[in-house]
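File shown here: data_13.cif, holding mmCIF, C-alpha atoms.
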```
data_coords
#
loop_
_atom_site.label_atom_id
_atom_site.label_comp_id
_atom_site.auth_asym_id
_atom_site.auth_seq_id
_atom_site.Cartn_x
_atom_site.Cartn_y
_atom_site.Cartn_z
CA MET N 10 133.48 85.05 111.02
CA GLU N 11 132.44 81.63 109.75
CA LEU N 12 129.09 80.58 108.30
CA ARG N 13 128.60 78.06 111.11
CA HIS N 14 128.75 80.93 113.62
CA LEU N 15 125.85 82.60 111.82
CA ARG N 16 123.87 79.37 111.81
CA TYR N 17 124.54 78.91 115.53
CA PHE N 18 123.49 82.48 116.26
CA LEU N 19 120.25 82.17 114.27
CA ALA N 20 119.38 78.93 116.03
CA VAL N 21 119.63 80.71 119.39
CA ALA N 22 117.69 83.70 118.06
CA ASP N 23 114.92 81.43 116.75
CA GLU N 24 114.68 79.17 119.79
CA GLY N 25 115.10 81.86 122.45
CA ARG N 26 117.05 79.43 124.65
CA PHE N 27 120.55 77.98 124.43
CA ARG N 28 119.44 74.50 125.47
CA GLN N 29 116.84 74.11 122.71
CA ALA N 30 119.17 75.66 120.14
CA ALA N 31 121.95 73.25 121.12
CA GLN N 32 119.58 70.28 120.75
CA ARG N 33 118.55 71.56 117.30
CA LEU N 34 122.20 71.87 116.27
CA HIS N 35 123.22 68.56 117.90
CA ILE N 36 126.01 70.16 119.96
CA SER N 37 126.44 70.71 123.67
CA THR N 38 124.98 73.79 125.36
CA PRO N 39 128.36 74.96 126.79
CA SER N 40 129.95 74.63 123.34
CA LEU N 41 127.17 76.68 121.74
CA SER N 42 127.44 79.37 124.41
CA GLN N 43 131.20 79.52 123.87
CA GLN N 44 130.72 79.94 120.09
CA ILE N 45 128.28 82.82 120.58
CA ARG N 46 130.64 84.49 123.06
CA ALA N 47 133.42 84.22 120.49
CA LEU N 48 131.18 85.81 117.84
CA GLU N 49 130.31 88.69 120.19
CA LYS N 50 133.99 89.15 120.96
CA GLU N 51 134.86 89.24 117.26
CA LEU N 52 132.13 91.79 116.49
CA ARG N 53 132.83 93.73 119.70
CA VAL N 54 129.13 94.10 120.54
CA PRO N 55 126.68 92.09 122.68
CA LEU N 56 124.25 90.22 120.44
CA LEU N 57 122.05 88.61 123.07
CA GLU N 58 120.52 89.76 126.32
CA ARG N 59 120.70 86.77 128.63
CA THR N 60 118.15 86.16 131.40
CA PRO N 61 117.68 83.11 133.64
CA HIS N 62 114.80 81.85 131.50
CA ALA N 63 115.46 83.05 127.94
CA VAL N 64 117.60 85.16 125.65
CA ARG N 65 116.55 88.18 123.63
CA LEU N 66 118.23 89.94 120.75
CA THR N 67 119.97 93.22 121.41
CA PRO N 68 119.58 95.96 118.74
CA ALA N 69 122.90 94.81 117.25
CA GLY N 70 121.71 91.21 117.41
CA ALA N 71 118.51 92.09 115.53
CA VAL N 72 120.57 93.66 112.74
CA LEU N 73 122.84 90.62 112.52
CA ALA N 74 119.87 88.22 112.51
CA GLU N 75 118.29 90.01 109.55
CA ARG N 76 121.55 90.09 107.56
CA ALA N 77 122.50 86.53 108.52
CA ARG N 78 119.25 85.14 107.12
CA ILE N 79 119.95 86.85 103.79
CA ILE N 80 123.59 85.68 103.73
CA LEU N 81 122.73 82.06 104.51
CA ALA N 82 119.83 82.03 102.04
CA GLU N 83 122.20 83.28 99.34
CA VAL N 84 124.80 80.65 100.25
CA ASP N 85 122.21 77.86 100.18
CA ARG N 86 120.86 79.11 96.87
CA THR N 87 124.38 79.31 95.44
CA LEU N 88 125.01 75.67 96.36
CA VAL N 89 121.78 74.65 94.63
CA ASP N 90 122.56 76.76 91.55
CA VAL N 91 126.05 75.29 91.27
CA SER N 92 124.65 71.79 91.56
CA LEU N 93 121.99 72.47 88.94
CA ALA N 94 124.49 74.12 86.63
CA GLY N 95 126.52 70.94 86.66
CA ALA N 96 123.49 69.00 85.46
CA SER N 97 122.16 71.51 82.92
CA SER N 98 123.66 73.71 80.26
CA ARG N 99 120.98 76.37 80.90
CA ALA N 100 121.21 79.00 83.64
CA GLN N 101 118.64 78.55 86.40
CA LEU N 102 116.58 81.62 87.41
CA THR N 103 113.64 82.03 89.76
CA MET N 104 110.94 84.65 89.21
CA ARG N 105 108.09 85.68 91.52
CA VAL N 106 105.07 87.51 90.13
CA ALA N 107 102.60 89.47 92.25
CA HIS N 108 98.94 88.48 92.36
CA LEU N 109 96.98 89.45 89.20
CA VAL N 110 100.20 89.85 87.19
CA GLU N 111 99.78 86.30 85.88
CA LEU N 112 96.52 87.42 84.26
CA VAL N 113 98.15 90.41 82.59
CA LEU N 114 101.32 88.70 81.32
CA LYS N 115 99.90 85.21 80.90
CA GLY N 116 101.45 84.45 77.50
CA SER N 117 104.81 86.00 78.36
CA LEU N 118 105.10 84.12 81.66
CA GLU N 119 104.22 80.82 80.00
CA LEU N 120 106.92 81.46 77.41
CA ALA N 121 109.44 82.34 80.14
CA ALA N 122 108.59 79.18 82.07
CA SER N 123 109.07 77.06 78.95
CA GLY N 124 112.61 78.43 78.56
CA ILE N 125 114.32 81.44 77.06
CA ASP N 126 117.35 80.68 74.88
CA GLY N 127 119.80 79.36 77.45
CA LEU N 128 117.71 80.26 80.52
CA GLU N 129 115.52 77.99 82.61
CA VAL N 130 113.04 80.12 84.53
CA SER N 131 110.92 78.91 87.44
CA VAL N 132 107.83 81.15 87.73
CA SER N 133 105.50 81.27 90.73
CA SER N 134 102.85 83.65 92.07
CA ALA N 135 103.14 85.44 95.41
CA ARG N 136 101.88 88.42 97.36
CA GLY N 137 103.56 91.58 96.10
CA ASP N 138 105.40 92.21 99.38
CA ASP N 139 106.48 88.55 99.57
CA ALA N 140 107.78 88.67 96.00
CA LEU N 141 109.96 91.67 96.87
CA GLU N 142 111.21 90.01 100.04
CA ALA N 143 112.13 86.89 98.09
CA VAL N 144 114.36 88.99 95.84
CA ARG N 145 115.91 90.80 98.83
CA GLN N 146 116.76 87.50 100.53
CA GLY N 147 118.10 85.86 97.38
CA ARG N 148 115.25 83.34 97.14
CA ALA N 149 114.26 84.81 93.78
CA ASP N 150 116.28 86.49 91.04
CA VAL N 151 113.55 88.70 89.59
CA ALA N 152 110.05 89.77 90.60
CA VAL N 153 107.28 91.41 88.62
CA VAL N 154 105.15 93.56 90.91
CA TRP N 155 102.71 96.40 90.80
CA SER N 156 104.22 99.86 91.26
CA ARG N 157 106.22 99.97 94.50
CA SER N 158 105.83 102.39 97.37
CA HIS N 159 108.71 104.73 98.22
CA GLN N 160 109.76 102.48 101.12
CA GLN N 161 110.02 99.48 98.77
CA ARG N 162 112.44 101.09 96.32
CA ASP N 163 115.60 99.57 97.79
CA LEU N 164 115.86 97.15 94.85
CA ALA N 165 116.83 97.91 91.27
CA GLY N 166 113.87 98.05 88.93
CA THR N 167 112.38 99.16 85.65
CA THR N 168 108.82 99.98 84.63
CA LEU N 169 107.45 97.48 82.14
CA GLY N 170 104.37 99.52 81.31
CA SER N 171 100.91 100.38 82.56
CA VAL N 172 97.74 98.34 82.83
CA VAL N 173 94.35 99.96 82.28
CA PHE N 174 91.78 99.31 85.00
CA GLY N 175 88.06 99.88 84.80
CA VAL N 176 85.23 99.34 87.26
CA ALA N 177 83.16 96.24 87.98
CA LEU N 178 79.49 96.97 88.69
CA PRO N 179 76.72 94.66 89.87
CA ALA N 180 74.27 93.83 87.07
CA GLY N 181 71.33 96.21 87.04
CA HIS N 182 73.34 99.01 88.67
CA ALA N 183 72.29 102.54 87.74
CA LEU N 184 75.58 102.94 85.83
CA ASP N 185 75.29 99.57 84.07
CA GLY N 186 73.95 101.25 80.95
CA SER N 187 76.91 103.64 80.67
CA VAL N 188 79.49 102.90 77.98
CA ILE N 189 82.10 104.73 80.07
CA VAL N 190 81.65 105.43 83.79
CA PRO N 191 82.66 108.91 85.01
CA VAL N 192 84.73 108.64 88.18
CA ALA N 193 82.62 111.41 89.72
CA ALA N 194 79.58 109.13 89.49
CA LEU N 195 81.18 106.69 91.97
CA ALA N 196 81.31 109.19 94.84
CA GLY N 197 78.58 107.50 96.85
CA GLU N 198 79.51 103.90 96.04
CA VAL N 199 81.01 101.35 98.43
CA LEU N 200 84.42 100.33 97.06
CA VAL N 201 85.50 96.68 97.43
CA MET N 202 89.32 96.49 97.58
CA PHE N 203 92.05 93.87 97.79
CA PRO N 204 94.20 93.86 100.99
CA GLN N 205 96.51 96.85 101.31
CA ALA N 206 99.80 95.27 102.46
CA PRO N 207 100.50 93.14 99.36
CA PHE N 208 99.67 96.12 97.10
CA ALA N 209 101.19 98.94 99.15
CA GLY N 210 102.40 100.83 96.08
CA ILE N 211 99.02 101.04 94.35
CA TRP N 212 96.33 100.64 97.03
CA GLU N 213 95.99 104.33 97.84
CA GLN N 214 96.35 105.20 94.15
CA VAL N 215 93.28 103.08 93.34
CA VAL N 216 91.21 104.46 96.23
CA ASP N 217 92.22 108.07 95.47
CA HIS N 218 91.36 107.65 91.79
CA LEU N 219 87.95 106.09 92.32
CA LEU N 220 87.03 108.26 95.31
CA PRO N 221 88.88 111.55 94.63
CA GLU N 222 86.86 113.43 97.25
CA GLY N 223 87.98 110.95 99.89
CA ALA N 224 86.39 107.86 101.39
CA ALA N 225 83.83 108.12 104.16
CA PRO N 226 84.06 105.72 107.12
CA GLY N 227 83.03 102.26 105.98
CA GLN N 228 83.03 103.22 102.30
CA VAL N 229 86.02 100.97 101.54
CA VAL N 230 85.50 97.25 102.21
CA VAL N 231 88.47 94.86 102.02
CA GLU N 232 88.06 91.41 100.45
CA PRO N 233 90.89 89.37 102.06
CA ASP N 234 90.84 86.39 99.68
CA LEU N 235 93.96 86.90 97.54
CA ILE N 236 94.28 83.26 96.51
CA ASN N 237 91.13 83.52 94.40
CA ALA N 238 91.69 87.06 93.12
CA PRO N 239 90.08 88.58 91.12
CA LEU N 240 87.22 86.07 91.47
CA ALA N 241 86.67 87.00 95.11
CA LEU N 242 86.27 90.68 94.22
CA PHE N 243 83.90 89.86 91.36
CA ARG N 244 81.79 87.64 93.65
CA ALA N 245 81.55 90.44 96.21
CA VAL N 246 80.43 92.85 93.48
CA ALA N 247 77.88 90.35 92.12
CA ALA N 248 76.52 89.95 95.66
CA GLY N 249 75.89 93.69 95.83
CA THR N 250 78.65 94.53 98.32
CA GLY N 251 79.88 97.42 96.17
CA VAL N 252 81.93 98.22 93.07
CA ALA N 253 85.57 97.28 92.44
CA ALA N 254 88.52 98.18 90.24
CA CYS N 255 89.17 95.53 87.59
CA ILE N 256 91.65 94.87 84.80
CA LEU N 257 90.03 95.61 81.46
CA GLY N 258 90.51 92.84 78.92
CA ILE N 259 90.30 89.82 81.25
CA PRO N 260 87.94 87.56 79.32
CA ALA N 261 84.45 86.45 80.35
CA HIS N 262 84.52 88.08 83.79
CA GLN N 263 86.37 84.96 84.96
CA GLY N 264 83.07 83.04 84.83
CA ILE N 265 81.22 85.34 87.26
CA GLU N 266 77.71 86.31 86.16
CA ASP N 267 75.72 89.34 87.27
CA ILE N 268 78.51 91.90 86.89
CA ALA N 269 79.38 94.47 84.23
CA LEU N 270 82.88 95.77 83.46
CA ARG N 271 83.13 99.35 82.23
CA PRO N 272 86.02 101.73 81.35
CA LEU N 273 86.54 104.78 83.53
CA ASP N 274 86.79 108.48 82.71
CA PRO N 275 89.48 109.46 83.45
CA PRO N 276 91.09 106.02 83.01
CA LEU N 277 92.96 104.34 85.86
CA ARG N 278 96.45 103.18 84.83
CA LEU N 279 98.67 101.18 87.19
CA ASN N 280 102.31 100.43 86.49
CA LEU N 281 104.03 97.05 86.46
CA GLU N 282 107.69 96.84 87.45
CA ALA N 283 110.42 94.22 87.13
CA VAL N 284 112.79 94.30 90.11
CA TRP N 285 116.08 92.59 90.97
CA ARG N 286 119.09 92.94 93.24
CA ALA N 287 121.70 95.31 91.80
CA PRO N 288 123.90 95.00 89.91
CA GLY N 289 122.28 91.85 88.50
CA THR N 290 123.96 89.08 86.54
CA ILE N 291 123.99 88.89 82.76
CA ASP N 292 121.29 86.21 82.93
CA VAL N 293 119.10 88.36 85.17
CA ARG N 294 119.44 91.25 82.73
CA ARG N 295 118.48 88.95 79.87
CA LEU N 296 115.32 87.92 81.69
CA VAL N 297 114.46 91.55 82.45
CA ASP N 298 115.05 92.49 78.80
CA PHE N 299 112.70 89.68 77.78
CA LEU N 300 110.02 91.04 80.13
CA VAL N 301 110.42 94.56 78.73
CA GLU N 302 110.06 93.26 75.19
CA SER N 303 107.05 91.14 76.15
CA THR N 304 104.96 94.23 76.91
CA SER N 305 104.58 94.68 73.15
CA ASP N 306 102.64 91.39 73.05
CA ARG N 307 99.04 92.22 72.17
CA GLU N 308 97.81 89.62 74.63
CA ALA N 309 99.80 91.09 77.51
CA LEU N 310 97.27 93.89 78.29
CA VAL N 311 100.19 96.21 79.06
CA VAL N 312 100.82 99.62 77.52
CA PRO N 313 104.64 99.69 77.11
CA ALA N 314 106.60 102.30 79.05
CA ARG N 315 108.00 105.09 76.90
#
```
Written form, structure tokens:
Amino acid sequence: MELRHLRYFLAVADEGRFRQAAQRLHISTPSLSQQIRALEKELRVPLLERTPHAVRLTPAGAVLAERARIILAEVDRTLVDVSLAGASSRAQLTMRVAHLVELVLKGSLELAASGIDGLEVSVSSARGDDALEAVRQGRADVAVVWSRSHQQRDLAGTTLGSVVFGVALPAGHALDGSVIVPVAALAGEVLVMFPQAPFAGIWEQVVDHLLPEGAAPGQVVVEPDLINAPLALFRAVAAGTGVAACILGIPAHQGIEDIALRPLDPPLRLNLEAVWRAPGTIDVRRLVDFLVESTSDREALVVPAR
């Protein structure tokens, strides 16, 4: 099997028609059809279901399409890495961090982006699920995400530590005068939450901790604006929509007035994890080791894992 066969196959899968795929690839339609037939013959399974008007992936074709995207992404990334390595003496790594992580590890991420003894690290923020997918597909070497769900544990990973969350209350709330807010006192409150999909590993953990007796219908309201997190949550709280979980230690409420941040009893602790594709190169391990060590930074707001 050659890489061009995979590119041909993905073009057909994406376009849904041989004619459009052939135009995209700048080859003739009969030639493209012949190449796909040869690929099916080599794999000994039908990859496409052909109809007079379109083509659809067979179950085997769907599997190949998923794997082919990963393979080609890794090949393309390898070509870029080799080219960059020829122009730089430092290894090039890419790191994705889930939303809100940049607030927790601000100093450490800035240091990583500025360069770590022989490593050049490109750092960018992403949804938690997108950060994991980037690592799976080879578009990123390492990701730092909130604790993963069981279904997301296909990648190698290590726990960096835990982050203490409290509760954000609207100013003048009945609990505003409390130094520490008992979780039991939140039973009747509306809970404003971030979207579930990007935080699949911790979403239910947060809801279960703040509403241990269970949430009534309509008691959990989702604020979809991730780009401006946590500002969007704080604005919703200030507007009286409800209360929200918040990272303790983020300074000045991010400029939002009319809210109060309070610790919880019992405290809510959420884990941060560094993940990568096993087995991981020496450079990847060096970056992960740096992240583990960075949790001892007093400005990191992370309690190191024991």
Task: Selection under test: the PyMOL selection byres ((chain N and resi 44-47) around 10); residues as a count of residues only - done: 23
Task: Nearby residues, (109.9, 101.5, 102.8) file frame, 12 Å, all atoms listed in the file, as a PyMOL selection string - done: chain N and resi 138+141-142+157-164+206+209-210
Open item on the list: Neighbouring residues of Arg295 (chain N) were defined as those with any atom within 12 Å, considering all atoms listed in the file; residues of the same chain fewer than 4 positions away were excluded. Please report them as a PyMOL selection string.
Closed with: chain N and resi 100+102+121+125-130+150-151+285+289-291+299-302
Task: For His108 (chain N): contacts at 8 Å, only C-alpha atoms, fewer than 3 positions along chain excluded, given as a list in words - done: Glu111, Ser134, Ala135, Arg136, Gly137, Leu235 and Ala238 of chain N
Write the residues of the preceding selection, restricted to C-alpha atoms, as a PDB file, keeping the file's coordinate frame.
```pdb
ATOM      1  CA  GLU N 111      99.780  86.300  85.880  1.00  0.00           C
ATOM      2  CA  SER N 134     102.850  83.650  92.070  1.00  0.00           C
ATOM      3  CA  ALA N 135     103.140  85.440  95.410  1.00  0.00           C
ATOM      4  CA  ARG N 136     101.880  88.420  97.360  1.00  0.00           C
ATOM      5  CA  GLY N 137     103.560  91.580  96.100  1.00  0.00           C
ATOM      6  CA  LEU N 235      93.960  86.900  97.540  1.00  0.00           C
ATOM      7  CA  ALA N 238      91.690  87.060  93.120  1.00  0.00           C
TER       8      ALA N 238
END
```
Open item on the list: the PyMOL selection byres ((chain N and resi 77) around 10) - which residues does that actually catch in the file I just gave you? List them as a PyMOL selection string.
Closed with: chain N and resi 12+14-16+18-19+71-76+78-83+146
Task: Contacts of Val188 (chain N) within 9 Å, all atoms listed in the file, excl. fewer than 2 positions in-chain, as a ChimeraX atom specification - done: /N:184-186,190,271-272
Restricted to C-alpha atoms, what would the selected residues look like written as an mmCIF file, in the frame of the given file?
```cif
data_model
loop_
_atom_site.group_PDB
_atom_site.id
_atom_site.type_symbol
_atom_site.label_atom_id
_atom_site.label_comp_id
_atom_site.auth_asym_id
_atom_site.auth_seq_id
_atom_site.Cartn_x
_atom_site.Cartn_y
_atom_site.Cartn_z
ATOM 1 C CA LEU N 184 75.580 102.940 85.830
ATOM 2 C CA ASP N 185 75.290 99.570 84.070
ATOM 3 C CA GLY N 186 73.950 101.250 80.950
ATOM 4 C CA VAL N 190 81.650 105.430 83.790
ATOM 5 C CA ARG N 271 83.130 99.350 82.230
ATOM 6 C CA PRO N 272 86.020 101.730 81.350
#
```
Kindly complete region 174-209 of chain N to N, CA and C atoms; the output should be written as a compact mmCIF listing (two decimals), in the frame of the given file.
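What follows is the written file selection-v3.txt:
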```txt
# COMPACT_ATOMS: atom_id res chain seq x y z
N PHE N 174 92.83 99.87 84.15
CA PHE N 174 91.78 99.31 85.00
C PHE N 174 90.47 100.04 84.74
N GLY N 175 89.39 99.30 84.88
CA GLY N 175 88.06 99.88 84.80
C GLY N 175 87.33 99.63 86.11
N VAL N 176 86.01 99.57 86.05
CA VAL N 176 85.23 99.34 87.26
C VAL N 176 84.26 98.19 87.02
N ALA N 177 84.12 97.33 88.01
CA ALA N 177 83.16 96.24 87.98
C ALA N 177 81.92 96.67 88.75
N LEU N 178 80.75 96.56 88.10
CA LEU N 178 79.49 96.97 88.69
C LEU N 178 78.57 95.75 88.82
N PRO N 179 77.71 95.74 89.83
CA PRO N 179 76.72 94.66 89.87
C PRO N 179 75.71 94.85 88.73
N ALA N 180 75.25 93.75 88.15
CA ALA N 180 74.27 93.83 87.07
C ALA N 180 73.03 94.57 87.55
N GLY N 181 72.51 95.44 86.68
CA GLY N 181 71.33 96.21 87.04
C GLY N 181 71.65 97.49 87.79
N HIS N 182 72.93 97.77 88.02
CA HIS N 182 73.34 99.01 88.67
C HIS N 182 72.92 100.20 87.82
N ALA N 183 72.72 101.33 88.45
CA ALA N 183 72.29 102.54 87.74
C ALA N 183 73.28 102.94 86.66
N LEU N 184 74.56 102.58 86.82
CA LEU N 184 75.58 102.94 85.83
C LEU N 184 75.84 101.82 84.83
N ASP N 185 75.10 100.72 84.95
CA ASP N 185 75.29 99.57 84.07
C ASP N 185 75.10 99.93 82.60
N GLY N 186 74.22 100.87 82.33
CA GLY N 186 73.95 101.25 80.95
C GLY N 186 74.96 102.20 80.36
N SER N 187 75.91 102.68 81.16
CA SER N 187 76.91 103.64 80.67
C SER N 187 77.99 102.90 79.88
N VAL N 188 78.38 103.47 78.74
CA VAL N 188 79.49 102.90 77.98
C VAL N 188 80.80 103.16 78.71
N ILE N 189 80.95 104.35 79.26
CA ILE N 189 82.10 104.73 80.07
C ILE N 189 81.57 105.35 81.36
N VAL N 190 82.12 104.94 82.50
CA VAL N 190 81.65 105.43 83.79
C VAL N 190 82.51 106.61 84.26
N PRO N 191 81.91 107.79 84.45
CA PRO N 191 82.66 108.91 85.01
C PRO N 191 83.04 108.61 86.46
N VAL N 192 84.28 108.88 86.81
CA VAL N 192 84.73 108.64 88.18
C VAL N 192 83.86 109.40 89.18
N ALA N 193 83.43 110.60 88.81
CA ALA N 193 82.62 111.41 89.72
C ALA N 193 81.32 110.71 90.10
N ALA N 194 80.84 109.81 89.22
CA ALA N 194 79.58 109.13 89.49
C ALA N 194 79.71 108.05 90.57
N LEU N 195 80.95 107.73 90.96
CA LEU N 195 81.18 106.69 91.97
C LEU N 195 81.28 107.25 93.38
N ALA N 196 81.08 108.54 93.55
CA ALA N 196 81.31 109.19 94.84
C ALA N 196 80.57 108.54 95.99
N GLY N 197 79.36 108.07 95.76
CA GLY N 197 78.58 107.50 96.85
C GLY N 197 78.62 105.99 96.93
N GLU N 198 79.46 105.36 96.10
CA GLU N 198 79.51 103.90 96.04
C GLU N 198 80.44 103.30 97.11
N VAL N 199 80.10 102.11 97.57
CA VAL N 199 81.01 101.35 98.43
C VAL N 199 82.06 100.72 97.51
N LEU N 200 83.32 100.84 97.87
CA LEU N 200 84.42 100.33 97.06
C LEU N 200 84.98 99.05 97.70
N VAL N 201 84.94 97.95 96.95
CA VAL N 201 85.50 96.68 97.43
C VAL N 201 86.95 96.62 96.96
N MET N 202 87.89 96.44 97.90
CA MET N 202 89.32 96.49 97.58
C MET N 202 90.02 95.20 98.01
N PHE N 203 91.15 94.94 97.36
CA PHE N 203 92.05 93.87 97.79
C PHE N 203 92.82 94.35 99.02
N PRO N 204 93.45 93.45 99.79
CA PRO N 204 94.20 93.86 100.99
C PRO N 204 95.29 94.87 100.66
N GLN N 205 95.57 95.76 101.58
CA GLN N 205 96.51 96.85 101.31
C GLN N 205 97.96 96.41 101.32
N ALA N 206 98.38 95.59 102.29
CA ALA N 206 99.80 95.27 102.46
C ALA N 206 100.45 94.69 101.20
N PRO N 207 99.83 93.71 100.54
CA PRO N 207 100.50 93.14 99.36
C PRO N 207 100.55 94.10 98.16
N PHE N 208 99.74 95.17 98.21
CA PHE N 208 99.67 96.12 97.10
C PHE N 208 99.94 97.54 97.59
N ALA N 209 100.94 97.66 98.49
CA ALA N 209 101.19 98.94 99.15
C ALA N 209 101.43 100.07 98.17
```
